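A.B. asks: Here you go, model.cif (mmCIF, C-alpha atoms):
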data_start
loop_
_atom_site.label_atom_id
_atom_site.label_comp_id
_atom_site.auth_asym_id
_atom_site.auth_seq_id
_atom_site.Cartn_x
_atom_site.Cartn_y
_atom_site.Cartn_z
CA MET A 1 -27.47 -4.08 -35.47
CA ALA A 2 -29.31 -2.40 -32.63
CA ILE A 3 -27.58 0.57 -31.06
CA ARG A 4 -27.61 0.56 -27.28
CA PRO A 5 -28.35 3.82 -25.50
CA LEU A 6 -25.34 5.49 -23.90
CA SER A 7 -26.97 5.05 -20.48
CA LEU A 8 -26.87 1.27 -20.87
CA LEU A 9 -23.26 1.32 -22.01
CA LEU A 10 -22.34 3.23 -18.86
CA LEU A 11 -24.42 1.02 -16.57
CA ALA A 12 -21.66 -1.48 -15.64
CA PRO A 13 -19.01 1.14 -14.71
CA LEU A 14 -21.59 3.11 -12.71
CA ALA A 15 -22.60 -0.07 -10.87
CA LEU A 16 -18.99 -0.57 -9.81
CA LEU A 17 -18.77 2.99 -8.53
CA ALA A 18 -22.09 2.63 -6.69
CA GLN A 19 -20.93 -0.45 -4.77
CA LYS A 20 -19.94 0.92 -1.38
CA ALA A 21 -20.22 -2.11 0.90
CA PHE A 22 -19.31 -5.78 0.88
CA ASP A 23 -22.26 -8.16 0.57
CA VAL A 24 -20.80 -10.39 3.29
CA ALA A 25 -17.92 -9.93 5.72
CA THR A 26 -16.55 -11.89 8.68
CA ILE A 27 -14.01 -10.56 11.17
CA LYS A 28 -12.40 -12.76 13.82
CA PRO A 29 -9.50 -12.28 16.23
CA ASN A 30 -6.40 -13.94 14.82
CA ALA A 31 -5.91 -17.11 16.88
CA GLU A 32 -2.56 -18.27 15.50
CA ASN A 33 -0.50 -15.45 17.01
CA ASP A 34 2.43 -16.47 14.79
CA HIS A 35 3.00 -12.94 13.45
CA ARG A 36 2.29 -14.01 9.88
CA VAL A 37 0.48 -11.36 7.87
CA MET A 38 -1.23 -12.05 4.55
CA ILE A 39 -3.47 -9.78 2.52
CA GLY A 40 -4.96 -10.22 -0.93
CA PHE A 41 -7.71 -9.24 -3.34
CA ALA A 42 -9.36 -12.36 -4.75
CA PRO A 43 -10.91 -12.48 -8.24
CA GLY A 44 -14.60 -11.60 -8.28
CA GLY A 45 -14.58 -8.97 -5.53
CA GLY A 46 -13.05 -10.89 -2.63
CA PHE A 47 -10.83 -9.45 0.11
CA ASN A 48 -8.90 -11.78 2.42
CA ALA A 49 -6.53 -10.81 5.22
CA THR A 50 -4.89 -12.91 7.94
CA GLY A 51 -3.21 -11.48 11.03
CA ILE A 52 -3.84 -7.89 9.97
CA ASN A 53 -4.05 -5.01 12.41
CA VAL A 54 -6.48 -2.11 12.14
CA ARG A 55 -3.76 0.40 11.42
CA PHE A 56 -2.76 -1.43 8.26
CA LEU A 57 -6.41 -1.96 7.31
CA ILE A 58 -6.83 1.83 7.45
CA MET A 59 -3.74 2.24 5.29
CA GLU A 60 -5.19 -0.11 2.68
CA ALA A 61 -8.67 1.44 2.82
CA PHE A 62 -7.52 5.02 2.35
CA GLY A 63 -4.39 4.48 0.29
CA VAL A 64 -2.13 6.15 2.85
CA ARG A 65 1.12 5.22 4.59
CA ASP A 66 1.68 4.60 8.30
CA PHE A 67 3.02 8.09 9.01
CA GLN A 68 -0.18 9.59 7.56
CA ILE A 69 -2.32 8.14 10.38
CA SER A 70 -2.58 10.18 13.56
CA GLY A 71 -4.11 9.15 16.90
CA GLY A 72 -6.00 6.03 17.87
CA PRO A 73 -5.54 3.50 20.73
CA GLY A 74 -2.56 1.20 21.03
CA TRP A 75 -4.57 -1.94 20.21
CA MET A 76 -4.90 -0.67 16.62
CA THR A 77 -1.33 -1.90 16.20
CA THR A 78 -1.10 -4.83 18.60
CA ASP A 79 -4.42 -6.66 18.05
CA ARG A 80 -4.65 -8.74 14.89
CA PHE A 81 -7.66 -9.98 12.96
CA ASP A 82 -8.64 -12.31 10.15
CA VAL A 83 -10.95 -10.66 7.63
CA LYS A 84 -12.90 -12.30 4.81
CA ALA A 85 -15.22 -10.18 2.70
CA LYS A 86 -16.93 -10.50 -0.67
CA ALA A 87 -18.77 -8.13 -3.00
CA GLU A 88 -20.78 -9.66 -5.81
CA GLY A 89 -20.91 -8.47 -9.40
CA LEU A 90 -17.60 -6.63 -9.59
CA GLY A 91 -16.04 -8.67 -12.38
CA ASP A 92 -12.81 -10.64 -12.31
CA ARG A 93 -10.39 -7.96 -11.10
CA PRO A 94 -12.15 -4.81 -9.85
CA GLY A 95 -8.91 -3.22 -8.60
CA ARG A 96 -7.98 -1.40 -5.40
CA GLU A 97 -9.74 1.88 -6.23
CA VAL A 98 -13.09 0.07 -6.47
CA MET A 99 -12.46 -1.94 -3.30
CA ARG A 100 -11.27 0.91 -1.07
CA PRO A 101 -14.70 2.51 -0.43
CA MET A 102 -15.93 -0.92 0.70
CA LEU A 103 -13.01 -1.28 3.11
CA GLN A 104 -13.78 2.19 4.47
CA ASN A 105 -17.40 1.14 4.98
CA LEU A 106 -16.22 -2.03 6.73
CA LEU A 107 -14.12 0.03 9.15
CA GLU A 108 -16.97 2.43 9.84
CA ASP A 109 -19.58 -0.31 10.29
CA ARG A 110 -17.69 -3.03 12.17
CA PHE A 111 -14.97 -1.04 13.95
CA GLN A 112 -17.09 2.09 14.47
CA LEU A 113 -14.29 4.16 12.97
CA LYS A 114 -14.74 7.91 13.12
CA TYR A 115 -12.11 10.13 11.58
CA HIS A 116 -11.41 13.38 9.81
CA LYS A 117 -8.81 14.45 7.30
CA GLU A 118 -6.29 17.24 7.61
CA THR A 119 -3.77 18.54 5.11
CA LYS A 120 -0.45 19.71 6.47
CA GLU A 121 2.54 21.31 4.81
CA MET A 122 5.33 18.91 5.63
CA PRO A 123 8.81 17.99 4.41
CA ILE A 124 8.61 15.51 1.55
CA TYR A 125 11.02 13.88 -0.86
CA ALA A 126 10.74 14.18 -4.62
CA LEU A 127 11.96 11.18 -6.61
CA VAL A 128 13.61 12.67 -9.70
CA ALA A 129 15.67 11.43 -12.62
CA GLY A 130 19.44 11.50 -12.30
CA LYS A 131 21.85 13.31 -14.59
CA GLY A 132 22.23 10.33 -16.93
CA PRO A 133 19.97 7.49 -18.09
CA HIS A 134 18.30 5.51 -15.32
CA LYS A 135 19.58 2.01 -14.54
CA MET A 136 16.25 0.20 -14.10
CA LYS A 137 15.54 -2.81 -16.32
CA LEU A 138 12.41 -2.66 -18.44
CA SER A 139 10.13 -5.45 -17.23
CA GLU A 140 8.27 -8.09 -19.19
CA VAL A 141 5.31 -7.22 -16.92
CA GLN A 142 3.99 -4.04 -18.55
CA GLN A 143 0.39 -3.99 -17.25
CA GLY A 144 -1.04 -4.82 -13.87
CA GLY A 145 2.31 -4.80 -12.06
CA PRO A 146 2.69 -3.31 -8.56
CA GLY A 147 1.28 0.18 -8.78
CA GLY A 148 0.00 -0.45 -12.31
CA PRO A 149 -3.55 -0.69 -13.64
CA GLY A 150 -5.78 -2.97 -11.62
CA GLY A 151 -3.45 -3.57 -8.69
CA PRO A 152 -0.69 -6.13 -8.22
CA GLY A 153 -1.56 -8.26 -11.25
CA ARG A 154 1.32 -10.50 -12.33
CA GLY A 155 4.04 -8.39 -10.75
CA MET A 156 6.03 -9.38 -7.68
CA PHE A 157 7.18 -7.34 -4.70
CA ARG A 158 9.56 -8.56 -1.99
CA MET A 159 11.01 -6.36 0.70
CA GLY A 160 13.34 -7.08 3.59
CA ARG A 161 15.38 -4.83 5.79
CA GLY A 162 17.75 -2.98 3.48
CA GLN A 163 16.65 -4.77 0.33
CA VAL A 164 13.87 -4.63 -2.21
CA ASP A 165 13.04 -6.69 -5.28
CA MET A 166 10.15 -5.43 -7.44
CA GLN A 167 9.05 -6.84 -10.77
CA GLY A 168 6.72 -4.96 -13.08
CA ALA A 169 6.82 -1.83 -10.90
CA THR A 170 6.18 1.75 -11.93
CA THR A 171 8.25 4.60 -10.54
CA GLY A 172 5.09 5.55 -8.63
CA ALA A 173 5.14 2.17 -6.87
CA LEU A 174 8.85 2.67 -6.15
CA ALA A 175 8.07 6.06 -4.60
CA GLN A 176 5.43 4.43 -2.36
CA MET A 177 7.92 1.82 -1.18
CA LEU A 178 10.52 4.51 -0.42
CA SER A 179 7.87 6.51 1.41
CA GLN A 180 7.25 3.61 3.80
CA GLN A 181 10.96 3.05 4.33
CA LEU A 182 11.74 6.70 5.02
CA GLY A 183 8.62 7.64 6.97
CA ARG A 184 8.02 10.63 4.72
CA THR A 185 5.92 11.21 1.60
CA VAL A 186 7.87 10.53 -1.59
CA MET A 187 6.37 11.99 -4.75
CA ASP A 188 7.22 10.54 -8.14
CA LYS A 189 8.55 13.41 -10.26
CA THR A 190 10.76 11.33 -12.53
CA GLY A 191 8.58 11.63 -15.61
CA ILE A 192 9.54 8.02 -16.39
CA THR A 193 6.77 5.77 -17.69
CA GLY A 194 6.58 1.99 -17.99
CA ASN A 195 7.06 -0.98 -15.67
CA PHE A 196 10.50 -1.98 -14.45
CA ASP A 197 12.31 -4.69 -12.51
CA VAL A 198 13.93 -2.94 -9.57
CA LYS A 199 16.55 -4.44 -7.25
CA MET A 200 18.20 -2.36 -4.57
CA ASN A 201 20.31 -3.04 -1.47
CA TRP A 202 21.36 -0.60 1.23
CA THR A 203 22.33 -0.39 4.89
CA PRO A 204 19.32 0.95 6.86
CA GLU A 205 19.83 3.61 9.46
CA PRO A 206 18.22 3.17 12.90
CA GLY A 207 14.45 3.62 12.62
CA GLN A 208 14.29 3.08 8.88
CA GLY A 209 11.98 0.48 7.38
CA GLY A 210 9.77 -0.19 10.38
CA GLY A 211 7.26 -1.88 8.12
CA PRO A 212 3.52 -1.33 7.79
CA PHE A 213 2.15 -3.89 10.22
CA GLY A 214 3.59 -2.83 13.56
CA GLY A 215 4.00 -4.97 16.65
CA ALA A 216 5.41 -8.05 14.93
CA PRO A 217 9.08 -8.99 15.03
CA PRO A 218 10.81 -8.71 11.67
CA PRO A 219 11.07 -11.86 9.57
CA PRO A 220 14.42 -13.69 9.63
CA GLU A 221 15.59 -12.10 6.40
CA ALA A 222 14.92 -8.65 7.85
CA VAL A 223 17.38 -8.92 10.75
CA ALA A 224 19.85 -6.05 10.56
CA SER A 225 23.28 -6.98 9.32
CA SER A 226 26.36 -6.20 11.38
CA ASP A 227 27.94 -4.92 8.16
CA THR A 228 27.55 -1.15 8.16
CA SER A 229 29.81 -0.57 5.16
CA GLY A 230 26.97 -0.67 2.63
CA PRO A 231 25.48 2.44 1.02
CA SER A 232 22.72 4.52 2.52
CA ILE A 233 19.31 4.33 0.86
CA PHE A 234 19.98 7.72 -0.75
CA THR A 235 23.28 6.57 -2.23
CA ALA A 236 21.74 3.28 -3.38
CA ILE A 237 18.98 5.13 -5.25
CA GLN A 238 21.61 7.14 -7.13
CA GLU A 239 24.17 4.41 -7.78
CA GLN A 240 21.88 1.41 -8.34
CA LEU A 241 18.84 3.04 -9.99
CA GLY A 242 20.18 6.25 -11.50
CA LEU A 243 17.56 8.34 -9.66
CA ARG A 244 17.76 10.91 -6.86
CA LEU A 245 15.76 12.08 -3.85
CA GLU A 246 15.37 15.83 -3.33
CA THR A 247 14.10 17.43 -0.13
CA GLN A 248 11.08 19.65 -0.69
CA LYS A 249 7.92 20.78 1.11
CA GLY A 250 4.43 19.86 0.05
CA PRO A 251 0.87 19.13 1.20
CA VAL A 252 0.43 15.78 2.96
CA GLU A 253 -3.02 14.37 3.77
CA ILE A 254 -3.37 13.02 7.31
CA ILE A 255 -6.10 10.66 8.56
CA VAL A 256 -6.87 11.69 12.15
CA ILE A 257 -8.56 8.95 14.21
CA ASP A 258 -11.31 10.44 16.38
CA SER A 259 -12.55 7.08 17.76
CA VAL A 260 -12.46 3.37 16.94
CA SER A 261 -13.77 0.24 18.68
CA LYS A 262 -12.90 -3.43 18.57
CA PRO A 263 -15.03 -5.18 15.96
CA SER A 264 -18.61 -6.16 16.49
CA GLU A 265 -19.67 -9.82 16.39
CA ASN A 266 -20.16 -11.42 12.98
#
Please re-express this file's structure in structure tokens.

C.D. replies:
Amino acid sequence: MAIRPLSLLLLAPLALLAQKAFDVATIKPNAENDHRVMIGFAPGGGFNATGINVRFLIMEAFGVRDFQISGGPGWMTTDRFDVKAKAEGLGDRPGREVMRPMLQNLLEDRFQLKYHKETKEMPIYALVAGKGPHKMKLSEVQQGGPGGPGGPGRGMFRMGRGQVDMQGATTGALAQMLSQQLGRTVMDKTGITGNFDVKMNWTPEPGQGGGPFGGAPPPPEAVASSDTSGPSIFTAIQEQLGLRLETQKGPVEIIVIDSVSKPSEN
């Protein structure tokens, strides 16, 4: 049997890392104006988004949350676009980390995005284990769940106002969800590994859970309930999951928007 040189064995992974731009991309203003938002990574290096705003596209491209974006014009939130892009030769499921540099390139090329990064010491929450065993159910989805290897995979993630249902989620993915709900970085310091099915219900406080898309009215299931007797999100984390949130300070990376333009023609 012939032995392949190490350089050839590494060729495919290096090719993935070298891919920095989509081979083809179309961007159109969203004509439906029905406030539906859909986003997905298609097998074979495809990226499809409907009704997405630029603010959320930046979140996806840089792996940050809404509160980590500073500056930019108002239309970044109000104007919505349909995006279809494809990169060839990336295999069946290249994963978010491979796709993100291409989304950054798309923003820089088509939206003329200019930005810089800053790191600020800010209040954060640490998600930590409770005093006893956690109450999360070990999931049948143990690879490729939300926050797991390769992106969403077979896992499922549903979120409404004051409720979340995650299947095949890591505690890191749970921390990201809590971060968006609370408008503050949440770091996973539980030390818990594996994928879990997580269900949690709480009564949101005013301003909690604004959602990542901005500008759109909440879906029907997200309308706030008149029942204010439910637990706070902090109590729900303790009682329903067996975890806790601790207030700490830590470095938070901020994407500062220097300039951005509405997309160029296809």

A.B. asks: Residues at most 10 Å from Thr50 in chain A, counting only C-alpha atoms, excluding those fewer than 6 positions away in the same chain, as a list in words?

C.D. replies: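 After dropping sequence-adjacent residues, the list is Ile27, Lys28, Pro29, Asn30, Ala31, Glu32, His35, Arg36, Val37, Met38, Ile39, Gly40, Arg80, Phe81, Asp82, Val83 and Lys84 of chain A.
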
A.B. asks: Compare A:Gly63, A:Pro204, A:Gly172, A:Gly183 by their minimum atom-to-atom distance to Phe234 in chain A, counting only C-alpha atoms, and give me the closest one.

C.D. replies: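 The shortest atom-to-atom distance to Phe234 in chain A comes from A:Pro204.
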
A.B. asks: When you count only C-alpha atoms, which of these residues is closest to Gln248 in chain A: A:Pro123, A:Gly45, A:Pro101, A:Gly72?

C.D. replies: A:Pro123

A.B. asks: Expand the PyMOL selection byres ((chain A and resi 88) around 7) into the explicit residue set it covers here, and present it as a list in words.

C.D. replies: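 Going through the file, the PyMOL selection byres ((chain A and resi 88) around 7) ends up selecting Asp23, Gly44, Gly45, Lys86, Ala87, Gly89 and Leu90 of chain A.
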
A.B. asks: List as a VMD selection string the protein and nucleic acid residues near Pro251 in chain A, meaning an atom at most 8 Å away when all atoms listed in the file are counted, but skip any in the same chain fewer than 2 places from it.

C.D. replies: chain A and resid 119 to 122 249 253

A.B. asks: Evaluating the PyMOL selection byres ((chain A and resi 60) around 10) on the displayed file yields which residues, as an MDAnalysis selection string?

C.D. replies: chainID A and resid 39 54:59 61:65 96 99:100 103:104

A.B. asks: Please report the interatomic distance between CA of Ile52 in chain A and CA of Trp75 in chain A in Å with one decimal.

C.D. replies: 11.9 Å

A.B. asks: Do you have the CA of Ile255 in chain A-CA of Gly191 in chain A distance handy?

C.D. replies: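 Those two atoms sit 28.3 Å apart.
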
A.B. asks: Going by the chain IDs and residue numbers used in this file, which residues fall under the PyMOL selection byres ((chain A and resi 188) around 6)? Write them as an MDAnalysis selection string.

C.D. replies: chainID A and resid 127 172 175 187 189:190

A.B. asks: Residues within 12 Å of Leu178 in chain A, please, as a VMD selection string. Count all atoms listed in the file; anything in the same chain fewer than 4 positions from it doesn't count.

C.D. replies: chain A and resid 65 124 to 127 159 162 to 164 171 to 174 182 to 188 200 204 208 to 211 233 to 234 236 to 237 244 to 245

A.B. asks: Write to file, as an mmCIF file, in the frame of the given file, the residues of the selection just made, with C-alpha atoms.

C.D. replies:
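Now in result.cif:
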data_model
loop_
_atom_site.group_PDB
_atom_site.id
_atom_site.type_symbol
_atom_site.label_atom_id
_atom_site.label_comp_id
_atom_site.auth_asym_id
_atom_site.auth_seq_id
_atom_site.Cartn_x
_atom_site.Cartn_y
_atom_site.Cartn_z
ATOM 1 C CA ARG A 65 1.120 5.220 4.590
ATOM 2 C CA ILE A 124 8.610 15.510 1.550
ATOM 3 C CA TYR A 125 11.020 13.880 -0.860
ATOM 4 C CA ALA A 126 10.740 14.180 -4.620
ATOM 5 C CA LEU A 127 11.960 11.180 -6.610
ATOM 6 C CA MET A 159 11.010 -6.360 0.700
ATOM 7 C CA GLY A 162 17.750 -2.980 3.480
ATOM 8 C CA GLN A 163 16.650 -4.770 0.330
ATOM 9 C CA VAL A 164 13.870 -4.630 -2.210
ATOM 10 C CA THR A 171 8.250 4.600 -10.540
ATOM 11 C CA GLY A 172 5.090 5.550 -8.630
ATOM 12 C CA ALA A 173 5.140 2.170 -6.870
ATOM 13 C CA LEU A 174 8.850 2.670 -6.150
ATOM 14 C CA LEU A 182 11.740 6.700 5.020
ATOM 15 C CA GLY A 183 8.620 7.640 6.970
ATOM 16 C CA ARG A 184 8.020 10.630 4.720
ATOM 17 C CA THR A 185 5.920 11.210 1.600
ATOM 18 C CA VAL A 186 7.870 10.530 -1.590
ATOM 19 C CA MET A 187 6.370 11.990 -4.750
ATOM 20 C CA ASP A 188 7.220 10.540 -8.140
ATOM 21 C CA MET A 200 18.200 -2.360 -4.570
ATOM 22 C CA PRO A 204 19.320 0.950 6.860
ATOM 23 C CA GLN A 208 14.290 3.080 8.880
ATOM 24 C CA GLY A 209 11.980 0.480 7.380
ATOM 25 C CA GLY A 210 9.770 -0.190 10.380
ATOM 26 C CA GLY A 211 7.260 -1.880 8.120
ATOM 27 C CA ILE A 233 19.310 4.330 0.860
ATOM 28 C CA PHE A 234 19.980 7.720 -0.750
ATOM 29 C CA ALA A 236 21.740 3.280 -3.380
ATOM 30 C CA ILE A 237 18.980 5.130 -5.250
ATOM 31 C CA ARG A 244 17.760 10.910 -6.860
ATOM 32 C CA LEU A 245 15.760 12.080 -3.850
#

A.B. asks: Using all atoms listed in the file, give me every residue within 6 Å of (-10.1, 8.3, 11.6) in file coordinates, as a CSV table (one decimal) with C-alpha atoms, keeping the file's coordinate frame.

C.D. replies:
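Printed below is result.csv as written:
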chain,number,residue,atom,x,y,z
A,114,LYS,CA,-14.7,7.9,13.1
A,115,TYR,CA,-12.1,10.1,11.6
A,116,HIS,CA,-11.4,13.4,9.8
A,255,ILE,CA,-6.1,10.7,8.6
A,256,VAL,CA,-6.9,11.7,12.2
A,257,ILE,CA,-8.6,9.0,14.2
A,258,ASP,CA,-11.3,10.4,16.4

A.B. asks: Identify, on the basis of all atoms listed in the file, every residue whose closest approach to Ser232 in chain A does not exceed 8 Å; exclude the query and any residue fewer than 5 positions from it along the same chain; express the result as a PyMOL selection string.

C.D. replies: chain A and resi 202-205

A.B. asks: Tell me, as an MDAnalysis selection string, which residues lie within 7 Å of Met166 in chain A, counting only C-alpha atoms; anything in the same chain fewer than 3 positions away does not count.

C.D. replies: chainID A and resid 156:158 169 197:199

A.B. asks: Just how far from CA of Met102 in chain A is CA of Pro263 in chain A, in Å to one decimal?

C.D. replies: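 So the two atoms, CA of Pro263 in chain A and CA of Met102 in chain A, lie 15.9 Å apart.
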